[in-house]
file my_file33.txt (compact mmCIF, C-alpha atoms)
# COMPACT_ATOMS: atom_id res chain seq x y z
CA MET H 25 41.30 -82.41 200.71
CA PRO H 26 38.10 -80.83 201.97
CA ASN H 27 36.89 -78.28 199.47
CA SER H 28 36.99 -74.70 200.58
CA ARG H 29 33.42 -73.94 199.56
CA SER H 30 31.91 -76.48 201.89
CA SER H 31 34.06 -75.35 204.85
CA LEU H 32 33.08 -71.77 204.13
CA GLY H 33 29.50 -73.06 204.02
CA SER H 34 29.82 -74.57 207.49
CA LEU H 35 31.25 -71.33 208.84
CA GLU H 36 28.34 -69.41 207.29
CA ARG H 37 26.06 -71.81 209.03
CA SER H 38 27.69 -71.32 212.45
CA VAL H 39 27.48 -67.55 211.96
CA MET H 40 23.78 -67.79 211.05
CA ASP H 41 23.14 -69.98 214.10
CA VAL H 42 24.67 -67.31 216.33
CA ILE H 43 22.53 -64.60 214.75
CA TRP H 44 19.33 -66.67 214.86
CA ASP H 45 19.95 -67.49 218.50
CA ASP H 46 20.36 -63.82 219.44
CA PRO H 47 17.28 -62.80 221.41
CA ALA H 48 17.86 -59.06 221.19
CA ALA H 49 17.21 -58.89 217.42
CA LYS H 50 18.78 -55.45 217.14
CA GLY H 51 21.66 -57.10 215.36
CA LEU H 52 25.17 -58.17 216.24
CA THR H 53 28.52 -56.64 215.38
CA VAL H 54 31.41 -58.65 213.97
CA ARG H 55 33.08 -58.61 217.39
CA GLU H 56 29.93 -59.93 219.12
CA VAL H 57 29.52 -62.72 216.56
CA LEU H 58 33.19 -63.63 216.95
CA ASP H 59 32.83 -63.79 220.75
CA ARG H 60 29.82 -66.08 220.54
CA LEU H 61 31.21 -68.44 217.90
CA GLN H 62 32.37 -71.63 219.52
CA THR H 63 34.91 -73.16 217.18
CA LYS H 64 37.75 -75.54 217.86
CA ARG H 65 40.29 -73.29 216.23
CA PRO H 66 40.50 -69.54 216.89
CA LEU H 67 38.96 -67.49 214.09
CA ALA H 68 40.33 -64.28 212.70
CA TYR H 69 38.22 -61.13 213.02
CA THR H 70 38.55 -60.56 209.27
CA THR H 71 37.28 -64.06 208.46
CA VAL H 72 34.05 -63.47 210.37
CA MET H 73 33.78 -60.01 208.82
CA THR H 74 34.09 -61.52 205.33
CA VAL H 75 31.46 -64.17 206.05
CA LEU H 76 29.04 -61.57 207.43
CA SER H 77 29.40 -59.20 204.51
CA ARG H 78 29.03 -62.10 202.06
CA LEU H 79 25.76 -63.08 203.74
CA ALA H 80 24.64 -59.44 203.57
CA GLU H 81 25.44 -59.32 199.84
CA LYS H 82 23.36 -62.44 199.28
CA GLY H 83 20.46 -60.81 201.14
CA THR H 84 20.34 -63.36 203.95
CA LEU H 85 21.43 -60.65 206.39
CA GLU H 86 20.84 -56.91 206.47
CA ARG H 87 23.17 -54.47 208.13
CA THR H 88 22.82 -51.08 209.73
CA ARG H 89 25.48 -48.61 210.84
CA ASP H 90 26.15 -48.41 214.57
CA GLY H 91 28.85 -45.86 215.19
CA ARG H 92 31.93 -47.13 213.42
CA ALA H 93 30.74 -50.74 213.16
CA TRP H 94 27.99 -52.56 211.28
CA ARG H 95 25.19 -54.45 213.03
CA TYR H 96 24.00 -57.57 211.21
CA ARG H 97 20.42 -58.87 211.45
CA THR H 98 18.59 -61.70 209.66
CA THR H 99 15.94 -60.98 207.06
CA THR H 100 14.32 -64.41 207.46
CA THR H 101 13.81 -66.88 210.26
CA ARG H 102 15.42 -70.30 210.23
CA GLN H 103 11.94 -71.82 209.68
CA GLN H 104 11.27 -69.65 206.64
CA LEU H 105 14.59 -70.60 205.06
CA THR H 106 13.97 -74.28 205.82
CA ALA H 107 10.54 -74.08 204.17
CA GLU H 108 12.21 -72.50 201.16
CA ALA H 109 14.73 -75.34 201.03
CA MET H 110 11.83 -77.81 200.85
CA ARG H 111 10.83 -76.82 197.34
CA ASP H 112 12.31 -76.98 193.89
CA PRO H 113 13.80 -73.58 192.97
CA LEU H 114 12.71 -74.11 189.36
CA GLY H 115 9.45 -75.87 190.17
CA GLU H 116 7.33 -72.76 189.82
CA LEU H 117 8.13 -72.16 186.18
CA ASP H 118 5.28 -72.90 183.81
CA GLN H 119 5.03 -76.28 182.13
CA GLU H 120 6.78 -75.29 178.94
CA GLN H 121 9.72 -73.67 180.71
CA ARG H 122 9.82 -76.18 183.49
CA THR H 123 13.06 -77.87 184.32
CA SER H 124 14.01 -79.56 187.55
CA ALA H 125 17.02 -78.42 189.46
CA ILE H 126 16.27 -81.07 192.05
CA LEU H 127 14.38 -84.35 191.72
CA HIS H 128 11.55 -84.80 194.21
CA PHE H 129 10.53 -88.26 195.36
CA ILE H 130 6.93 -87.27 194.85
CA GLU H 131 4.68 -84.29 194.24
CA ASP H 132 1.54 -83.37 196.12
CA ALA H 133 -1.75 -85.12 195.49
CA THR H 134 -5.35 -84.08 196.18
CA GLU H 135 -7.78 -86.04 198.41
CA ASP H 136 -9.39 -87.85 195.46
CA GLU H 137 -6.04 -88.92 194.13
CA LEU H 138 -5.00 -90.07 197.58
CA ALA H 139 -8.05 -92.33 197.73
CA SER H 140 -7.13 -93.93 194.43
CA LEU H 141 -3.52 -94.23 195.56
CA ARG H 142 -4.63 -96.06 198.70
CA ALA H 143 -6.70 -98.42 196.57
CA ALA H 144 -3.65 -99.07 194.41
CA LEU H 145 -1.60 -99.71 197.56
CA ASP H 146 -4.10 -102.39 198.56
CA ALA H 147 -3.64 -103.99 195.15
CA VAL H 148 0.16 -104.00 195.57
CA GLU H 149 -0.15 -105.54 199.02
CA VAL H 150 -2.60 -108.20 197.79
CA ARG H 151 -0.30 -109.05 194.90
CA ALA H 152 2.77 -109.24 197.14
CA ALA H 153 0.89 -111.47 199.62
CA GLY H 154 -0.29 -113.68 196.74
CA GLU H 155 3.24 -114.08 195.43
CA HIS H 156 4.49 -114.87 198.86
CA GLY H 157 1.79 -117.49 199.35
CA ALA H 158 2.41 -119.11 195.98
CA THR H 159 6.17 -119.35 196.35
CA PRO H 160 7.00 -119.45 200.06
CA SER H 161 10.67 -120.07 199.25
CA SER H 162 11.19 -116.63 197.72
CA MET U 30 16.76 -86.43 147.12
CA THR U 31 18.78 -87.95 149.98
CA ALA U 32 18.71 -84.64 151.81
CA LEU U 33 14.94 -84.40 151.47
CA ALA U 34 14.53 -87.98 152.73
CA LEU U 35 16.82 -87.26 155.71
CA THR U 36 14.85 -84.13 156.62
CA PHE U 37 11.62 -86.08 156.42
CA LEU U 38 13.06 -88.87 158.58
CA GLY U 39 14.35 -86.31 161.09
CA LEU U 40 10.95 -84.64 161.37
CA LEU U 41 9.31 -88.05 161.75
CA LEU U 42 11.68 -89.02 164.58
CA ILE U 43 11.47 -85.66 166.36
CA GLY U 44 7.75 -85.04 165.93
CA GLY U 45 6.13 -88.39 165.21
CA ALA U 46 8.02 -90.96 167.29
CA PRO U 47 7.48 -89.24 170.67
CA ARG U 48 3.73 -89.09 170.01
CA VAL U 49 3.64 -92.81 169.22
CA LEU U 50 5.90 -93.79 172.15
CA SER U 51 4.03 -91.72 174.74
CA GLY U 52 0.82 -93.42 173.63
CA LEU U 53 2.12 -96.86 174.61
CA PRO U 54 1.87 -97.14 178.42
CA ALA U 55 2.89 -100.81 178.24
CA LEU U 56 6.43 -99.59 177.53
CA ARG U 57 6.61 -98.23 181.11
CA ARG U 58 7.09 -101.78 182.29
CA SER U 59 10.56 -101.82 180.70
CA PRO U 60 11.81 -98.30 181.56
CA ARG U 61 15.50 -98.75 180.82
CA PRO U 62 15.30 -100.05 177.22
CA THR U 63 12.39 -97.68 176.56
CA LEU U 64 14.42 -94.66 177.64
CA MET U 65 17.19 -95.86 175.38
CA LEU U 66 14.72 -95.98 172.49
CA TRP U 67 13.57 -92.44 173.35
CA GLN U 68 17.17 -91.23 173.40
CA ALA U 69 17.88 -92.90 170.06
CA THR U 70 14.88 -91.25 168.37
CA ALA U 71 15.72 -87.80 169.76
CA PHE U 72 19.41 -88.05 168.89
CA VAL U 73 19.06 -89.62 165.43
CA GLY U 74 16.24 -87.20 164.57
CA THR U 75 18.41 -84.19 165.41
CA VAL U 76 21.40 -85.59 163.52
CA CYS U 77 19.23 -86.21 160.41
CA VAL U 78 17.92 -82.64 160.34
CA ILE U 79 21.36 -81.14 160.92
CA ALA U 80 23.02 -83.43 158.32
CA ALA U 81 20.42 -82.73 155.59
CA GLY U 82 21.88 -79.33 154.62
CA PRO U 83 25.49 -80.45 154.11
CA VAL U 84 24.24 -83.58 152.31
CA ALA U 85 22.21 -81.40 149.92
CA ALA U 86 25.16 -79.09 149.30
CA VAL U 87 27.59 -81.94 148.63
CA SER U 88 25.18 -83.70 146.25
CA ILE U 89 25.18 -80.78 143.81
CA TRP U 90 28.71 -79.48 144.48
CA PRO U 91 30.07 -77.01 143.32
CA LEU U 92 27.55 -74.35 144.29
CA ASP U 93 28.85 -71.73 141.83
CA ARG U 94 25.92 -72.06 139.42
CA ALA U 95 22.47 -70.49 139.47
CA GLY U 96 19.37 -72.62 139.52
CA VAL U 97 16.54 -74.00 141.60
CA ASP U 98 18.62 -76.87 142.99
CA VAL U 99 21.40 -74.54 144.15
CA ALA U 100 18.87 -72.23 145.83
CA ALA U 101 17.30 -75.25 147.54
CA ALA U 102 20.71 -76.36 148.78
CA TYR U 103 21.29 -72.92 150.32
CA VAL U 104 17.90 -73.11 152.07
CA ALA U 105 18.75 -76.60 153.35
CA LEU U 106 22.11 -75.36 154.66
CA ALA U 107 20.43 -72.46 156.43
CA VAL U 108 17.87 -74.79 158.08
CA SER U 109 20.63 -77.14 159.23
CA GLY U 110 22.68 -74.28 160.62
CA LEU U 111 19.66 -72.91 162.46
CA SER U 112 18.89 -76.34 163.97
CA LEU U 113 22.46 -76.76 165.13
CA ALA U 114 22.43 -73.26 166.64
CA MET U 115 19.13 -73.97 168.45
CA VAL U 116 20.56 -77.12 170.06
CA LEU U 117 23.79 -75.39 171.12
CA VAL U 118 22.13 -72.24 172.46
CA ASN U 119 19.40 -74.13 174.32
CA GLY U 120 21.93 -76.57 175.71
CA HIS U 121 23.97 -73.71 177.08
CA LEU U 122 20.99 -71.72 178.45
CA ILE U 123 19.24 -74.64 180.11
CA GLY U 124 22.50 -76.05 181.48
CA SER U 125 23.67 -72.81 183.05
CA HIS U 126 20.19 -72.01 184.38
CA LEU U 127 20.03 -75.42 186.09
CA ARG U 128 23.49 -75.19 187.58
CA ARG U 129 22.86 -71.67 188.88
CA ALA U 130 19.62 -72.76 190.55
CA ARG U 131 21.35 -75.77 192.10
CA ARG U 132 24.18 -73.65 193.45
CA THR U 133 21.74 -71.25 195.10
CA HIS U 134 19.85 -74.19 196.55
CA GLU U 135 23.06 -75.74 197.89
CA GLU U 136 23.97 -72.48 199.62
CA LEU U 137 20.53 -72.51 201.22
CA LEU U 138 21.03 -76.12 202.35
CA ASP U 139 24.43 -75.16 203.80
CA LEU U 140 22.64 -72.65 206.04
CA VAL U 141 19.68 -74.71 207.25
CA GLY U 142 20.47 -78.36 206.53
CA ASP U 143 22.16 -80.86 208.80
CA GLU U 144 24.87 -82.57 206.82
CA GLN U 145 25.25 -86.22 207.70
CA SER U 146 27.45 -89.00 206.43
CA GLY U 147 26.65 -90.71 203.13
CA ARG U 148 25.83 -87.52 201.20
CA LEU U 149 22.69 -87.01 203.23
CA THR U 150 21.27 -83.69 204.40
CA VAL U 151 18.43 -83.46 206.92
CA LEU U 152 16.08 -80.47 207.06
CA SER U 153 14.31 -79.79 210.31
CA HIS U 154 10.70 -79.61 209.03
CA PRO U 155 7.56 -81.56 210.02
CA THR U 156 6.35 -82.04 206.44
CA PRO U 157 7.67 -85.32 205.09
CA THR U 158 9.65 -84.71 201.93
CA ALA U 159 12.53 -86.33 200.08
CA TYR U 160 14.51 -85.14 197.10
CA CYS U 161 17.97 -85.18 195.64
CA VAL U 162 20.23 -82.43 194.36
CA PRO U 163 22.35 -83.73 191.49
CA GLY U 164 25.68 -82.26 190.49
CA ARG U 165 29.18 -82.05 191.82
CA ARG U 166 28.05 -81.84 195.45
CA ARG U 167 25.28 -84.37 194.93
CA ARG U 168 23.19 -85.33 197.94
CA VAL U 169 19.89 -86.71 199.15
CA VAL U 170 17.77 -84.35 201.25
CA LEU U 171 15.26 -85.65 203.79
CA SER U 172 13.05 -83.72 206.19
CA THR U 173 12.76 -84.73 209.85
CA GLY U 174 9.09 -85.35 209.02
CA VAL U 175 10.01 -88.14 206.65
CA LEU U 176 12.40 -89.68 209.20
CA GLU U 177 9.69 -89.66 211.86
CA GLN U 178 6.74 -90.84 209.80
CA LEU U 179 8.18 -93.56 207.59
CA ALA U 180 8.94 -97.09 208.67
CA GLU U 181 12.51 -98.25 208.23
CA ASP U 182 11.91 -100.30 205.07
CA GLU U 183 9.88 -97.43 203.55
CA LEU U 184 12.77 -95.07 204.22
CA ALA U 185 15.13 -97.57 202.60
CA ALA U 186 12.91 -97.52 199.50
CA VAL U 187 12.96 -93.71 199.36
CA LEU U 188 16.74 -93.60 199.78
CA ALA U 189 17.28 -96.26 197.10
CA HIS U 190 15.04 -94.28 194.73
CA GLU U 191 16.94 -91.02 195.26
CA ARG U 192 20.35 -92.70 195.14
CA ALA U 193 19.40 -94.32 191.83
CA HIS U 194 18.65 -90.81 190.46
CA LEU U 195 22.05 -89.58 191.61
CA GLY U 196 24.10 -92.69 190.78
CA GLU U 197 22.71 -93.12 187.27
CA ARG U 198 22.79 -89.37 186.53
CA HIS U 199 19.09 -89.16 185.66
CA ASP U 200 19.41 -85.38 185.80
CA LEU U 201 21.58 -85.45 182.66
CA LEU U 202 19.01 -87.61 180.88
CA LEU U 203 16.28 -85.15 181.81
CA GLU U 204 18.45 -82.21 180.80
CA TYR U 205 19.14 -83.83 177.43
CA PHE U 206 15.43 -84.33 176.72
CA THR U 207 14.59 -80.82 177.87
CA VAL U 208 17.16 -79.40 175.44
CA SER U 209 15.84 -81.53 172.55
CA HIS U 210 12.28 -80.57 173.43
CA ARG U 211 12.96 -76.87 173.48
CA SER U 212 15.14 -76.92 170.37
CA ALA U 213 12.35 -78.38 168.26
CA PRO U 214 9.98 -75.87 166.58
CA PRO U 215 6.81 -75.34 168.69
CA TRP U 216 4.53 -77.06 166.16
CA LEU U 217 6.66 -80.17 166.35
CA ARG U 218 7.25 -80.58 170.06
CA SER U 219 4.98 -82.53 172.33
CA ARG U 220 4.61 -81.78 176.02
CA ARG U 221 3.11 -85.16 176.57
CA ALA U 222 6.34 -86.71 175.34
CA LEU U 223 8.44 -84.76 177.83
CA ARG U 224 6.08 -85.76 180.64
CA GLU U 225 6.33 -89.40 179.60
CA VAL U 226 10.14 -89.22 179.76
CA ARG U 227 9.94 -87.70 183.26
CA LEU U 228 7.66 -90.52 184.31
CA LEU U 229 9.98 -93.16 182.80
CA ILE U 230 12.88 -91.72 184.78
CA GLU U 231 10.83 -91.98 187.99
CA VAL U 232 9.84 -95.55 187.11
CA LEU U 233 13.51 -96.38 186.55
CA ALA U 234 14.39 -95.10 190.04
CA ASP U 235 11.39 -96.98 191.45
CA ARG U 236 12.88 -100.15 189.96
CA ALA U 237 16.00 -99.65 192.08
CA ALA U 238 13.83 -99.05 195.15
CA ARG U 239 11.79 -102.22 194.48
CA GLY U 240 14.95 -104.27 194.17
CA HIS U 241 16.36 -102.77 197.34
CA ALA U 242 13.38 -102.63 199.67
CA GLY U 243 10.50 -104.44 197.94
CA ASP U 244 7.23 -103.45 196.28
CA VAL U 245 5.10 -102.96 199.38
CA PRO U 246 7.46 -100.60 201.29
CA LEU U 247 7.85 -98.47 198.14
CA ALA U 248 4.08 -98.38 197.59
CA ARG U 249 3.51 -97.36 201.22
CA ALA U 250 6.17 -94.65 200.97
CA LEU U 251 4.52 -93.31 197.81
CA VAL U 252 1.13 -93.05 199.54
CA ARG U 253 2.54 -91.53 202.71
CA LEU U 254 4.60 -88.90 200.91
CA SER U 255 1.89 -87.93 198.45
CA GLY U 256 -0.42 -87.09 201.35
CA ALA U 257 2.04 -84.58 202.71
CA HIS U 258 1.77 -81.04 201.49
CA THR U 259 5.01 -79.34 200.76
CA PRO U 260 4.79 -75.67 201.68
CA GLN U 261 3.77 -73.46 198.77
CA ALA U 262 4.39 -76.21 196.25
CA MET U 263 3.15 -75.43 192.78
CA MET U 264 1.80 -78.44 191.06
CA GLY U 265 1.27 -79.42 187.48
CA ALA U 266 -1.52 -81.94 186.94
CA ALA U 267 0.96 -84.09 185.06
CA ASP U 268 2.97 -84.89 188.12
CA ILE U 269 0.00 -86.11 190.13
CA ALA U 270 -0.84 -88.46 187.30
CA HIS U 271 2.72 -89.70 187.64
CA VAL U 272 2.26 -90.95 191.18
CA THR U 273 -0.87 -92.87 190.21
CA ALA U 274 0.92 -94.34 187.20
CA ARG U 275 3.85 -95.36 189.40
CA MET U 276 1.51 -97.03 191.90
CA ASN U 277 -0.36 -98.86 189.15
CA LEU U 278 2.93 -100.17 187.77
CA LEU U 279 3.75 -101.63 191.19
CA ALA U 280 0.48 -103.54 191.10
CA ALA U 281 0.83 -104.57 187.43
CA PRO U 282 2.34 -107.86 186.32
CA PRO U 283 5.88 -107.62 184.88
CA ALA U 284 6.40 -107.03 181.16
CA PRO U 285 6.17 -110.08 178.89
CA ARG U 286 9.55 -111.64 178.20
CA TRP U 287 9.62 -110.57 174.54
CA GLN U 288 9.16 -106.87 175.31
CA VAL U 289 12.75 -105.97 176.24
CA PRO U 290 14.36 -107.58 173.13
CA CYS U 291 11.69 -105.94 170.96
CA VAL U 292 12.40 -102.46 172.37
CA TYR U 293 16.15 -102.97 171.88
CA ALA U 294 15.53 -104.15 168.30
CA ALA U 295 13.47 -101.00 167.67
CA THR U 296 16.37 -98.92 169.05
CA VAL U 297 18.83 -100.57 166.65
CA LEU U 298 16.39 -99.99 163.80
CA VAL U 299 16.10 -96.28 164.65
CA VAL U 300 19.88 -95.91 164.68
CA ALA U 301 20.13 -97.76 161.34
CA LEU U 302 17.38 -95.68 159.67
CA PRO U 303 19.57 -92.80 158.41
CA LEU U 304 22.02 -95.28 156.90
CA LEU U 305 19.17 -97.16 155.19
CA THR U 306 17.80 -93.85 153.92
CA VAL U 307 21.16 -92.89 152.41
CA LEU U 308 21.60 -96.32 150.83
CA LEU U 309 18.09 -96.42 149.36
CA THR U 310 18.04 -92.87 147.97
CA GLY U 311 21.70 -92.32 147.14
call {"tool": "encode", "arguments": {"input": "my_file33.txt", "output": "structure tokens"}}
result
Amino acid sequence: MPNSRSSLGSLERSVMDVIWDDPAAKGLTVREVLDRLQTKRPLAYTTVMTVLSRLAEKGTLERTRDGRAWRYRTTTTRQQLTAEAMRDPLGELDQEQRTSAILHFIEDATEDELASLRAALDAVEVRAAGEHGATPSS
Amino acid sequence: MTALALTFLGLLLIGGAPRVLSGLPALRRSPRPTLMLWQATAFVGTVCVIAAGPVAAVSIWPLDRAGVDVAAAYVALAVSGLSLAMVLVNGHLIGSHLRRARRTHEELLDLVGDEQSGRLTVLSHPTPTAYCVPGRRRRVVLSTGVLEQLAEDELAAVLAHERAHLGERHDLLLEYFTVSHRSAPPWLRSRRALREVRLLIEVLADRAARGHAGDVPLARALVRLSGAHTPQAMMGAADIAHVTARMNLLAAPPAPRWQVPCVYAATVLVVALPLLTVLLTG
């Protein structure tokens, strides 16, 4: 059974894609978003309305009144959100408080450190080549 | 007497042992048994401190008299209760903080990430980066930059590293040590110890990557990814030292054969210490 949160997540994503792809940037109404959504199954007006107001509550969208309807606009670009997703949400806490919500493969290094890393890489390669030469069967 | 000895042993294991262990870089060549030894010292140390109060109270039961020993038993009980409360409160705070941050991050990934098969999410960003989000909806996250810039075997090494983190639940290990670290009084805790544990966890995941893809691809991936600058990343000096330490371990000869049994023996000894203390002083 697919869990409901992830399917809601994918609908949020489709809705955001529609809003990000809107060139007019004055915002879209629920009806306009619904018309532009290309889904396999027909979506209810209320479903899209719920997703849009949820995104507005989270601050990803902002809304302004337009007559009797709301117009929804993004507060960030897709690139900005992607850049945000690249870092650890708890990584900016100080050392003592620091915990990791996510585990990064590696952290950034400075130029000096890079030079010493490259030297160490040479050593690994030399060692691997040496092992290979000594025991060709392995 | 037993209670005093237990408290002393607890303080030694919580404050002393991490300082000794983090000063022995040779132990990094056997990360799995070494982490087990670290866990044993942290756990047994906490248990000793928490048990000291009840042990003191029982030894002079009943507590309906007046006297120095009865007063001391009350102090011991209060210290034990406080220690227990610290562990429980910190465990709850750190745990819920972590899970909240992960949930927010997952919602962000739902909006901008491309979900692919095999619990993999791809972010469309030129900076090469790789990380994993542990938890119920665990997944590995790669940027398009990493897919474009890494050779296939290097990518295999990165994936094996991240999957080892997720599969072996290294996040729980890290969470456990963070809780122990923050529950200890400030004069007793050692930041260097926590950093060493973080490094050991990385070395453990590197082991999986070496076995899966080989030393050279992993080493190349480490160099390539450390040259990339993650946007707005805040860096502690400790973590940079980690990458160098990880590289040096790849170039170092393996641990001598006697090291692993010795570390396991030390672990057994640590677990047996409270029992020995009770037997010798009781």
call {"tool": "interface_residues", "arguments": {"input": "my_file33.txt", "of": "chain U", "to": "chain H", "cutoff": "6 Å", "atoms": "all atoms listed in the file", "output": "compact mmCIF listing (two decimals) with C-alpha atoms, in the coordinates of the input"}}
result
# COMPACT_ATOMS: atom_id res chain seq x y z
CA LEU U 127 20.03 -75.42 186.09
CA ARG U 131 21.35 -75.77 192.10
CA ASP U 139 24.43 -75.16 203.80
CA LEU U 140 22.64 -72.65 206.04
CA VAL U 141 19.68 -74.71 207.25
CA ALA U 159 12.53 -86.33 200.08
CA TYR U 160 14.51 -85.14 197.10
CA CYS U 161 17.97 -85.18 195.64
CA VAL U 162 20.23 -82.43 194.36
CA VAL U 245 5.10 -102.96 199.38
CA ALA U 248 4.08 -98.38 197.59
CA SER U 255 1.89 -87.93 198.45
CA HIS U 258 1.77 -81.04 201.49
CA MET U 263 3.15 -75.43 192.78
CA ILE U 269 0.00 -86.11 190.13
CA ALA U 280 0.48 -103.54 191.10
call {"tool": "atom_distance", "arguments": {"input": "my_file33.txt", "atom1": "CA of Ala81 (chain U)", "atom2": "CA of Ala32 (chain U)"}}
result
4.6 Å
call {"tool": "atom_distance", "arguments": {"input": "my_file33.txt", "atom1": "CA of Thr70 (chain H)", "atom2": "CA of Asp45 (chain H)"}}
result
21.9 Å
call {"tool": "closest_residue", "arguments": {"input": "my_file33.txt", "among": "H:Ala49, H:Glu155, H:Val42, H:Leu58", "to": "Thr74 (chain H)", "atoms": "only C-alpha atoms"}}
result
H:Leu58
call {"tool": "atom_distance", "arguments": {"input": "my_file33.txt", "atom1": "CA of Ala238 (chain U)", "atom2": "CA of Arg128 (chain U)"}}
result
26.8 Å
call {"tool": "residues_near_point", "arguments": {"input": "my_file33.txt", "point": "(9.6, -99.6, 195.4)", "cutoff": "9 Å", "atoms": "all atoms listed in the file", "output": "MDAnalysis selection string"}}
result
chainID U and resid 183 186:187 189:190 234:251 279
call {"tool": "closest_residue", "arguments": {"input": "my_file33.txt", "among": "U:Cys77, U:Leu50, U:Leu113, U:Leu66", "to": "Leu298 (chain U)", "atoms": "all atoms listed in the file"}}
result
U:Leu66
call {"tool": "residues_around", "arguments": {"input": "my_file33.txt", "residues": "Asp46 (chain H)", "least_positions_apart": "4", "cutoff": "12 Å", "atoms": "only C-alpha atoms", "output": "ChimeraX atom specification"}}
result
/H:39-42,50-53,56-57,60-61,96-98,101
call {"tool": "residues_near_point", "arguments": {"input": "my_file33.txt", "point": "(13.9, -89.2, 204.3)", "cutoff": "6 Å", "atoms": "only C-alpha atoms", "output": "count of residues only"}}
result
6
